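Data first, discussion second: the structure below is written as structure tokens.
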Amino acid sequence: MSDRILVKGARLLGGAAADLLLADGVVAELGTSGGLSDAGARVVDADGLVALPGLVDLHTHLREPGREDAETIRTGSQAAAVGGFTAVLAMANTSPVTDTAEAAERVHDLGRAAGLVDVQPVGAVTRGLGGEELAELGLMHRSRARVTVFSDDGRCVADARVMRRALEYVKAFGGVVSQHAQDPSLAGPTACCHEGELSGRLGLPGWPGVAEEVVVARDVMLARHTGSRVHVAHASTAGTVEVLRWAKAQAARDGSWSVTAEVTPHHLLLTTDLLGSENGGYDPTFKVNPPLRPQEDVDAVRAALADGTIDAVATDHAPHARHDKEHAFVDAAFGMLGLETALPVVATVMVESGLLDWAGVARVMSSTPAAIAGLEGQGRPLEAGQPANLVLVDPAATLTVDRDRSVSLSRNNPWHGRTLGARVHATFLRGVPTVLDGALA
Amino acid sequence: MSAPPTEAAEPAEPAVPEGRVVLDTGDIARALTRIAHEILERNKGAGDLVLLGIPSRGVPLARRIAERIQDVEGVAVPVGALDITMYRDDLRRHPARSPQPTEVPPGGVDGKTVVLVDDVLYSGRTVRAALDAMNDLGRPDVVRLAVLVDRGHRELPIRADHVGKNLPSARTERVMVRLADTDDVEGVWIE
Amino acid sequence: MRKHLLSVDDLSTDDVATLFATAAEMHDVQRRQVKKLPALRGRTIINLFFEDSTRTRSSFEIAGKWLSADTINIAAKGSSASKGESLRDTVRTIAAMGVDALVVRHPASGAALQVSQWVDAAVVNAGDGTHEHPTQALLDAYTLQRRLGGLEGRHVVIVGDLTHSRVFRSNVKCLGKLGAEVTVVAPPTLMPSGVAAWSADAGFATSYDLDAVLPTADAVMMLRVQRERMSGAFFPSAREYTVGYGLTRDRLGVLGPDVPICHPGPMNRGLEIAADAADAAQSAVLDQVSAGVAVRMSILYHLLAGED
């Protein structure tokens, strides 16, 4: 069992300072600052730090099994802990694909063995991510892994009939389908640059925003028709935000179905111009799916995150071995690292600008994603008796990102060299410190 | 790609050279007249003669010699230009130089007596390059060399057949030729 | 001049003038019996082609050989992520053999730029995906300049599949640099995305109507249209394309007899260009090919002859 830990003087959700005594995996006592005795407890000085519930990432690629040279469940868990996370949902596009109960249990068990964050597998919607036959959704849910979120992420469930059936089927056990919205006839496999002036000039295959928006629009109608839950992964355009705003109003009125959405840290800050010659040009570090969008879209997704149209921030952490990025831009792998930098990015973009306060950050990075994923012990309020999953953030510190100091196995870090606001100081998983003083405990 | 257009200039050439005048306009005119006569004498007339100037200042010198031959013999000797930029052995040591035009007179050089004309003979490397360039143009019967100034310090076994003025010089000195055709002033300076 | 030639953007207007002046000298050399110059003796140039192109590869090969460089052709296979060797490994392996220049053709946009970041050799872009083909643009402009006596203020019309054309992208930059007025013509589906903002910024005009712009053309450049594009629903049929955008016999009649007709080749006779136009006295197609060698000699000379 864990030691008793006394966190002294942390500002809960950025508000009043308090002491928290962590024992037996829970917040045993909560008292006014200086009000709790440190007898028999290890003291963590949290003066000036903000305490948030442990972060929950709805969208992580851990690469194990299959590409352990890029990331493993252990190294991905380390990166998550350093980033302040206590739970991550591991996407299904591994090799083999997480499309059976056995595969899901293996990911789940490797995560528990690493013990740094709760690794919750996402199940594939279709067998082998093939987009045609449903994977064994029910068996995955009944397994030890209790899979609740299903996604073919990396690919879109493009066939409307298959998407409809998946939405219907998961109703039986309260599941949710997380959709990678990309109409493959409008944005095919080579599409890699936001379609616009820059893609025209660079001669890169365009990935138009409408390829996302038509799928989001279709899926919310299917969710309404089936009375089910759909989740929009990595929403990236102003058009998607408009559709979501309309759909959420409908769902709230009807009460029988729901739509939720996430946005990535990179779509909150980075823009298409990073592919242009002012930045060297064609740098595959900035190749991601969906692609980086122009500033108008970035502004729209920020506003949507602030007003709740977008529910959560999810990293889409996508580690890649160096040699998979050292190709011509069109041929290089999609994706960028995100776990270690997510909170500093959100602090920079949303908190410093006043779009969100720290309670808002806790909502979009912890409680709401935990609720969407059905993770009962995560995203709980910082109250006595609740699981002691929390993160201490230094809001005054800044972080200049150095990709070589990452604990991820991969180096495809788009934040390299940038200075971001706020740093993760400590992370606790059920009362056990996983990170202290910004480093793995 | 800001290469100086002429092969002579390493530091920028001053428009009006400093230093001591060793040949003035009149000296140059007399030297060229003498060279024209020597060429005719050696060739026994103007038959099959072709003058090829090495750019940049060898070209107007060749033209002036041809004018004098015309005055003496009444024959228009063909004059051309032979650029040697691509044949230099020190190409790699400098930023790439732009080539100057090579103009071969209509009759070509095969079977002719070609007189190469240049302003200054120094190391002999320019003439070596010119002989290589000539080799790719055709096969003259005879090739001769005429220069306005020979300043010595040969690095190759090359000598001139016709010399306007022998000018003993130190390697540290600079010899500068200016011609009214290409420059604002005319004369030869040593500095 | 910069170390590499990756894009027309790498060249100043003075650079272009210098390249053209040298190309003119090289052009004269082509008429000699002995076409070889010793300028690049001892230099090694590798033509690294990840995409077939007999014509561009041969043109570079002849250019290198006439400058006495050792010229070697390598046909490389492209590979996508997680399949085989990375592009970086491929080019570093080849460059490690001791190469002075890599002439790179690759089906992916930006590939030549990326290669230049990985090797010490000078890199010449011989066509990267649908991005740029700077040596083609230079030879086109050189050809037109000789035909028209200058490009300043002349109206050049570029017609065809602009979306997929690297020739178009390099040509608008190069012709613009030389003061030409450029109009690009294509059906809306073959206009590159964002062309409205791009053309406004770069100073060229766009049109869907070939017949409206042809009467004021001082030169016409027809681009190849691949028949495969029909399956991508870019246009309904070859017949409809020809009627709308082909240089037909009727349109040839609208052009003055001195208006040069360019085509980067290979031509689809009967599709984008009628045989009458391709073979017309004013066709500059063969001039382009011979200028191609001279211009590439000039480029290789200026990139490689100077200081190590």
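Each chain in the structure tokens gets a letter, A, B and so on, in the order shown; residues start at 1 in every chain, and ligands are counted from 1 in the order they appear.
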>> At a cut-off of 12 Å, using only C-alpha atoms, what residues contact Gly15 of chain A? Leave out same-chain residues fewer than 5 positions from it and give the result as a ChimeraX atom specification.
In response: /A:9-10,33,48-52,357-359,382
>> Should the cut-off be 8 Å, what would the residue list for chain A against chain C look like, counting only C-alpha atoms, as a list in words?
In response: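 Applying the cut-off to the listed atoms yields Glu195, Gly196, Glu197, Leu198, Ser199, Gly200, Arg201, Leu202, Gly203, Leu204, Gly206, Gly281, Tyr282, His323, Asp324, Lys325, Glu326, His327, Ala328, Phe329, Val330, Asp331, Ala332 and Ala333 of chain A.
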>> Report as a PyMOL selection string all protein, DNA and RNA residues lying within 10 Å of Ala81 of chain B, evaluated on only C-alpha atoms, omitting residues in the same chain fewer than 5 positions from it.
In response: chain B and resi 51-56+58-60+62-63+100-105+116-117
Any chance you can output those residues with N, CA and C atoms as a compact mmCIF listing (two decimals), in the first residue's frame?
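Now in result22.txt:
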```txt
# COMPACT_ATOMS: atom_id res chain seq x y z
N LEU B 51 43.20 35.50 -87.01
CA LEU B 51 43.57 36.05 -85.71
C LEU B 51 42.46 35.74 -84.70
N LEU B 52 42.85 35.13 -83.57
CA LEU B 52 41.85 34.84 -82.53
C LEU B 52 42.27 35.54 -81.26
N GLY B 53 41.45 36.48 -80.82
CA GLY B 53 41.72 37.19 -79.58
C GLY B 53 41.17 36.40 -78.39
N ILE B 54 41.92 36.49 -77.28
CA ILE B 54 41.43 35.84 -76.06
C ILE B 54 40.73 36.91 -75.22
N PRO B 55 39.41 36.72 -74.95
CA PRO B 55 38.66 37.74 -74.22
C PRO B 55 39.29 38.00 -72.84
N SER B 56 39.12 39.21 -72.33
CA SER B 56 38.38 40.22 -73.06
C SER B 56 39.30 41.10 -73.91
N GLY B 58 42.17 40.68 -75.44
CA GLY B 58 42.84 40.13 -76.61
C GLY B 58 42.03 40.36 -77.88
N VAL B 59 40.70 40.48 -77.72
CA VAL B 59 39.83 40.59 -78.90
C VAL B 59 40.01 41.94 -79.61
N PRO B 60 39.96 43.08 -78.91
CA PRO B 60 40.23 44.35 -79.62
C PRO B 60 41.67 44.44 -80.14
N ALA B 62 43.40 41.96 -81.34
CA ALA B 62 43.41 41.20 -82.59
C ALA B 62 42.80 42.02 -83.72
N ARG B 63 41.72 42.74 -83.36
CA ARG B 63 41.05 43.55 -84.38
C ARG B 63 41.98 44.67 -84.88
N GLN B 100 32.73 33.88 -71.92
CA GLN B 100 32.56 34.95 -72.90
C GLN B 100 32.31 34.29 -74.25
N PRO B 101 31.79 35.05 -75.18
CA PRO B 101 31.51 34.42 -76.48
C PRO B 101 32.80 33.92 -77.17
N THR B 102 32.68 32.77 -77.80
CA THR B 102 33.71 32.30 -78.72
C THR B 102 33.17 32.52 -80.13
N GLU B 103 33.93 33.25 -80.95
CA GLU B 103 33.46 33.49 -82.32
C GLU B 103 34.53 33.00 -83.28
N VAL B 104 34.17 31.95 -83.99
CA VAL B 104 35.11 31.42 -84.99
C VAL B 104 34.72 32.02 -86.34
N PRO B 105 35.68 32.61 -87.07
CA PRO B 105 35.35 33.18 -88.39
C PRO B 105 34.79 32.10 -89.31
N LEU B 116 47.08 33.51 -81.98
CA LEU B 116 46.35 33.85 -80.75
C LEU B 116 46.86 35.19 -80.26
N VAL B 117 45.94 36.05 -79.83
CA VAL B 117 46.33 37.38 -79.39
C VAL B 117 45.82 37.60 -77.97
```
Within 12 Å of chain C, which residues of chain B show up? Give each one with its shortest atom-to-atom distance in Å (one decimal) and the two atoms involved, counting only C-alpha atoms, rows by chain then rising residue number, as CSV.
```
residue,atom,partner,partner_atom,distance
B:Met1,CA,C:Met1,CA,4.4
B:Ser2,CA,C:Met1,CA,7.6
B:Ala3,CA,C:Thr18,CA,9.3
B:Pro4,CA,C:Thr18,CA,11.1
B:Pro5,CA,C:Thr18,CA,10.1
B:Leu82,CA,C:Glu25,CA,11.7
B:Asp83,CA,C:Glu25,CA,9.8
B:Ile84,CA,C:Ala39,CA,10.0
B:Thr85,CA,C:Ala39,CA,8.1
B:Met86,CA,C:Ala39,CA,4.6
B:Tyr87,CA,C:Pro38,CA,5.9
B:Arg88,CA,C:Ala39,CA,7.6
B:Asp89,CA,C:Ala39,CA,8.7
B:Asp90,CA,C:Gly306,CA,9.1
B:Leu91,CA,C:Gly306,CA,6.0
B:Arg92,CA,C:Gly306,CA,4.7
B:Arg93,CA,C:Glu307,CA,5.0
B:His94,CA,C:Glu307,CA,5.0
B:Pro95,CA,C:Gly306,CA,4.1
B:Ala96,CA,C:Gly306,CA,4.0
B:Arg97,CA,C:Gly306,CA,7.6
B:Ser98,CA,C:Thr22,CA,6.1
B:Pro99,CA,C:Thr22,CA,6.1
B:Gln100,CA,C:Glu25,CA,7.5
B:Pro101,CA,C:Glu25,CA,6.2
B:Thr102,CA,C:Glu25,CA,7.6
B:Glu103,CA,C:Asp28,CA,9.3
B:Val104,CA,C:Arg32,CA,10.5
B:Gly108,CA,C:Arg32,CA,10.9
B:Ala129,CA,C:Pro38,CA,10.1
B:Asp132,CA,C:Pro38,CA,9.1
B:Ala133,CA,C:Leu37,CA,8.3
B:Met134,CA,C:Val34,CA,10.6
B:Asn135,CA,C:Val34,CA,9.0
B:Asp136,CA,C:Val34,CA,5.5
B:Leu137,CA,C:Val34,CA,6.8
B:Gly138,CA,C:Val34,CA,8.4
B:Arg139,CA,C:Val34,CA,11.6
```
Residues from last step as file, N, CA and C atoms, as a compact mmCIF listing (two decimals), in the first residue's frame:
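Wrote selection-v2.txt, looks like this:
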```txt
# COMPACT_ATOMS: atom_id res chain seq x y z
N MET B 1 26.59 33.80 -57.63
CA MET B 1 26.84 33.82 -59.06
C MET B 1 27.22 35.22 -59.52
N SER B 2 28.04 35.90 -58.70
CA SER B 2 28.42 37.27 -59.06
C SER B 2 29.83 37.26 -59.63
N ALA B 3 30.10 36.33 -60.51
CA ALA B 3 31.45 36.20 -61.04
C ALA B 3 31.81 37.41 -61.89
N PRO B 4 33.05 37.89 -61.76
CA PRO B 4 33.45 38.97 -62.66
C PRO B 4 33.48 38.45 -64.08
N PRO B 5 33.08 39.26 -65.04
CA PRO B 5 32.93 38.79 -66.40
C PRO B 5 34.28 38.51 -67.08
N LEU B 82 38.32 33.62 -78.88
CA LEU B 82 38.43 32.26 -78.34
C LEU B 82 38.34 32.34 -76.82
N ASP B 83 37.16 31.97 -76.30
CA ASP B 83 37.00 32.02 -74.85
C ASP B 83 37.62 30.79 -74.21
N ILE B 84 38.30 30.99 -73.10
CA ILE B 84 39.01 29.87 -72.49
C ILE B 84 38.48 29.55 -71.09
N THR B 85 37.36 30.20 -70.69
CA THR B 85 36.86 30.03 -69.32
C THR B 85 36.71 28.56 -68.93
N MET B 86 36.10 27.79 -69.82
CA MET B 86 35.79 26.40 -69.50
C MET B 86 37.05 25.52 -69.46
N TYR B 87 38.16 26.08 -69.96
CA TYR B 87 39.37 25.27 -70.07
C TYR B 87 40.40 25.63 -69.01
N ARG B 88 40.05 26.56 -68.13
CA ARG B 88 41.01 26.99 -67.12
C ARG B 88 41.31 25.86 -66.15
N ASP B 89 42.55 25.83 -65.64
CA ASP B 89 42.88 24.77 -64.69
C ASP B 89 42.63 25.21 -63.25
N ASP B 90 42.15 26.45 -63.06
CA ASP B 90 41.89 26.91 -61.69
C ASP B 90 40.40 27.20 -61.48
N LEU B 91 39.56 26.56 -62.31
CA LEU B 91 38.11 26.80 -62.21
C LEU B 91 37.59 26.59 -60.79
N ARG B 92 38.09 25.55 -60.16
CA ARG B 92 37.56 25.19 -58.85
C ARG B 92 37.93 26.18 -57.77
N ARG B 93 38.97 26.99 -58.02
CA ARG B 93 39.45 27.86 -56.95
C ARG B 93 38.66 29.15 -56.85
N HIS B 94 37.77 29.39 -57.77
CA HIS B 94 37.05 30.66 -57.78
C HIS B 94 35.56 30.39 -57.95
N PRO B 95 34.74 31.36 -57.58
CA PRO B 95 33.33 31.21 -57.92
C PRO B 95 33.21 31.05 -59.44
N ALA B 96 32.20 30.31 -59.85
CA ALA B 96 32.06 30.02 -61.28
C ALA B 96 32.06 31.31 -62.09
N ARG B 97 32.89 31.36 -63.16
CA ARG B 97 32.95 32.55 -64.02
C ARG B 97 32.05 32.30 -65.22
N SER B 98 31.42 33.36 -65.68
CA SER B 98 30.58 33.20 -66.87
C SER B 98 31.47 33.18 -68.10
N PRO B 99 31.21 32.28 -69.02
CA PRO B 99 32.01 32.26 -70.24
C PRO B 99 31.73 33.48 -71.10
N GLN B 100 32.73 33.88 -71.92
CA GLN B 100 32.56 34.95 -72.90
C GLN B 100 32.31 34.29 -74.25
N PRO B 101 31.79 35.05 -75.18
CA PRO B 101 31.51 34.42 -76.48
C PRO B 101 32.80 33.92 -77.17
N THR B 102 32.68 32.77 -77.80
CA THR B 102 33.71 32.30 -78.72
C THR B 102 33.17 32.52 -80.13
N GLU B 103 33.93 33.25 -80.95
CA GLU B 103 33.46 33.49 -82.32
C GLU B 103 34.53 33.00 -83.28
N VAL B 104 34.17 31.95 -83.99
CA VAL B 104 35.11 31.42 -84.99
C VAL B 104 34.72 32.02 -86.34
N GLY B 108 36.53 28.89 -90.44
CA GLY B 108 37.03 27.94 -89.46
C GLY B 108 38.53 28.06 -89.25
N ALA B 129 45.34 26.92 -71.80
CA ALA B 129 43.90 26.71 -71.90
C ALA B 129 43.42 27.03 -73.32
N ASP B 132 44.07 24.20 -75.61
CA ASP B 132 43.07 23.13 -75.43
C ASP B 132 41.75 23.51 -76.10
N ALA B 133 41.35 24.75 -75.91
CA ALA B 133 40.08 25.20 -76.51
C ALA B 133 40.17 25.10 -78.03
N MET B 134 41.31 25.49 -78.56
CA MET B 134 41.52 25.42 -80.01
C MET B 134 41.41 23.99 -80.52
N ASN B 135 41.93 23.09 -79.73
CA ASN B 135 41.92 21.68 -80.08
C ASN B 135 40.50 21.16 -80.31
N ASP B 136 39.53 21.72 -79.53
CA ASP B 136 38.14 21.28 -79.67
C ASP B 136 37.45 21.98 -80.83
N LEU B 137 38.09 23.04 -81.38
CA LEU B 137 37.46 23.76 -82.50
C LEU B 137 37.87 23.19 -83.85
N GLY B 138 39.08 22.64 -83.91
CA GLY B 138 39.55 22.14 -85.20
C GLY B 138 41.07 21.96 -85.15
N ARG B 139 41.67 21.81 -86.35
CA ARG B 139 43.10 21.51 -86.38
C ARG B 139 43.81 22.48 -87.31
```
> Which residues in segment 217-377 of chain A does DSSP call strand (DSSP E or B)? List them as a count of residues only.
Replying inline: 16
>> Set the distance at 8 Å and use only C-alpha atoms: which residues neighbour Glu191 of chain B once local chain neighbours fewer than 2 positions away are removed? I'd like the list as a PyMOL selection string.
In response: chain B and resi 18-20+173-175+189
>> With only C-alpha atoms as the counted atoms, please give the residues lying no more than 6 Å from Met91 of chain A, apart from itself and same-chain residues fewer than 2 positions off, as a PyMOL selection string.
In response: chain A and resi 60-61+93+122
> Contacts of Phe235 of chain C at 12 Å or less, counting only C-alpha atoms, minus same-chain residues fewer than 4 places along, as a PyMOL selection string?
Replying inline: chain C and resi 160-161+186-191+225-231+239-245
> Could you pull the residues within 8 Å of segment 400-412 of chain A, counting only C-alpha atoms, minus those fewer than 2 positions along the same chain, as number ranges by chain?
Replying inline: A: 69-72, 75-76, 78-79, 285, 319-322, 325, 335-337, 340, 398, 414-420
>> With distances taken over only C-alpha atoms, which residue among A:Pro369, A:Gly438, A:Gly138, A:Pro294 lies nearest Leu392 of chain A?
In response: A:Gly438
> Which is closer to Val109 of chain B than all the others in B:Leu61, B:Val50, B:Val127, B:Gly164, using only C-alpha atoms?
Replying inline: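 Looking at the shortest contact to Val109 of chain B, the residue is B:Val50.
If you measure from each of C:Ile273, C:Leu5, C:Val156, C:Val289 to Asn125 of chain C using only C-alpha atoms, the closest one turns out to be C:Leu5.
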> Taking the backbone alone, and naming residues the way the document does, which bits of segment 94-146 of chain A are helix (DSSP H, G or I) by DSSP, as a ChimeraX atom specification?
Replying inline: /A:101-114,127-129,137-142
With N, CA and C atoms retained, could you export that selection as a compact mmCIF listing (two decimals), in the first residue's frame?
```txt
# COMPACT_ATOMS: atom_id res chain seq x y z
N ALA A 101 -11.47 -9.54 -27.54
CA ALA A 101 -11.39 -9.45 -26.09
C ALA A 101 -9.96 -9.74 -25.63
N GLU A 102 -9.33 -10.73 -26.24
CA GLU A 102 -7.99 -11.12 -25.81
C GLU A 102 -6.99 -9.99 -26.06
N ALA A 103 -7.08 -9.39 -27.21
CA ALA A 103 -6.16 -8.28 -27.53
C ALA A 103 -6.38 -7.13 -26.56
N ALA A 104 -7.64 -6.84 -26.25
CA ALA A 104 -7.94 -5.73 -25.34
C ALA A 104 -7.41 -6.04 -23.94
N GLU A 105 -7.59 -7.27 -23.49
CA GLU A 105 -7.11 -7.64 -22.15
C GLU A 105 -5.59 -7.53 -22.07
N ARG A 106 -4.92 -7.85 -23.15
CA ARG A 106 -3.46 -7.80 -23.14
C ARG A 106 -2.98 -6.36 -22.96
N VAL A 107 -3.59 -5.44 -23.69
CA VAL A 107 -3.22 -4.03 -23.55
C VAL A 107 -3.52 -3.56 -22.14
N HIS A 108 -4.71 -3.93 -21.66
CA HIS A 108 -5.13 -3.53 -20.33
C HIS A 108 -4.14 -4.05 -19.28
N ASP A 109 -3.73 -5.30 -19.41
CA ASP A 109 -2.87 -5.92 -18.40
C ASP A 109 -1.46 -5.33 -18.46
N LEU A 110 -0.96 -5.07 -19.68
CA LEU A 110 0.37 -4.46 -19.80
C LEU A 110 0.37 -3.07 -19.17
N GLY A 111 -0.74 -2.39 -19.31
CA GLY A 111 -0.88 -1.06 -18.70
C GLY A 111 -0.87 -1.14 -17.18
N ARG A 112 -1.60 -2.10 -16.66
CA ARG A 112 -1.62 -2.27 -15.20
C ARG A 112 -0.24 -2.67 -14.69
N ALA A 113 0.46 -3.49 -15.48
CA ALA A 113 1.79 -3.93 -15.06
C ALA A 113 2.76 -2.74 -15.03
N ALA A 114 2.63 -1.85 -15.99
CA ALA A 114 3.48 -0.66 -15.98
C ALA A 114 3.13 0.22 -14.79
N ARG A 127 -13.59 -5.27 -37.80
CA ARG A 127 -12.53 -6.27 -37.77
C ARG A 127 -11.33 -5.80 -38.59
N GLY A 128 -10.19 -5.80 -37.94
CA GLY A 128 -8.95 -5.42 -38.62
C GLY A 128 -8.97 -4.00 -39.16
N LEU A 129 -9.84 -3.16 -38.64
CA LEU A 129 -10.04 -1.78 -39.13
C LEU A 129 -10.44 -1.79 -40.61
N LEU A 137 -17.56 -6.35 -30.55
CA LEU A 137 -17.71 -5.23 -29.64
C LEU A 137 -18.19 -5.68 -28.27
N GLY A 138 -19.18 -6.56 -28.25
CA GLY A 138 -19.75 -7.01 -26.99
C GLY A 138 -18.75 -7.81 -26.17
N LEU A 139 -18.01 -8.70 -26.83
CA LEU A 139 -17.03 -9.49 -26.09
C LEU A 139 -15.93 -8.61 -25.51
N MET A 140 -15.54 -7.60 -26.26
CA MET A 140 -14.53 -6.69 -25.72
C MET A 140 -15.06 -5.98 -24.48
N HIS A 141 -16.37 -5.63 -24.53
CA HIS A 141 -16.94 -4.95 -23.37
C HIS A 141 -17.03 -5.89 -22.17
N ARG A 142 -17.38 -7.15 -22.43
CA ARG A 142 -17.51 -8.09 -21.33
C ARG A 142 -16.17 -8.52 -20.76
```
> atom CA of Asp273 of chain A to atom CA of Ala233 of chain C: how many Å, to one decimal?
Replying inline: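 Atom CA of Ala233 of chain C lies 29.2 Å from atom CA of Asp273 of chain A.
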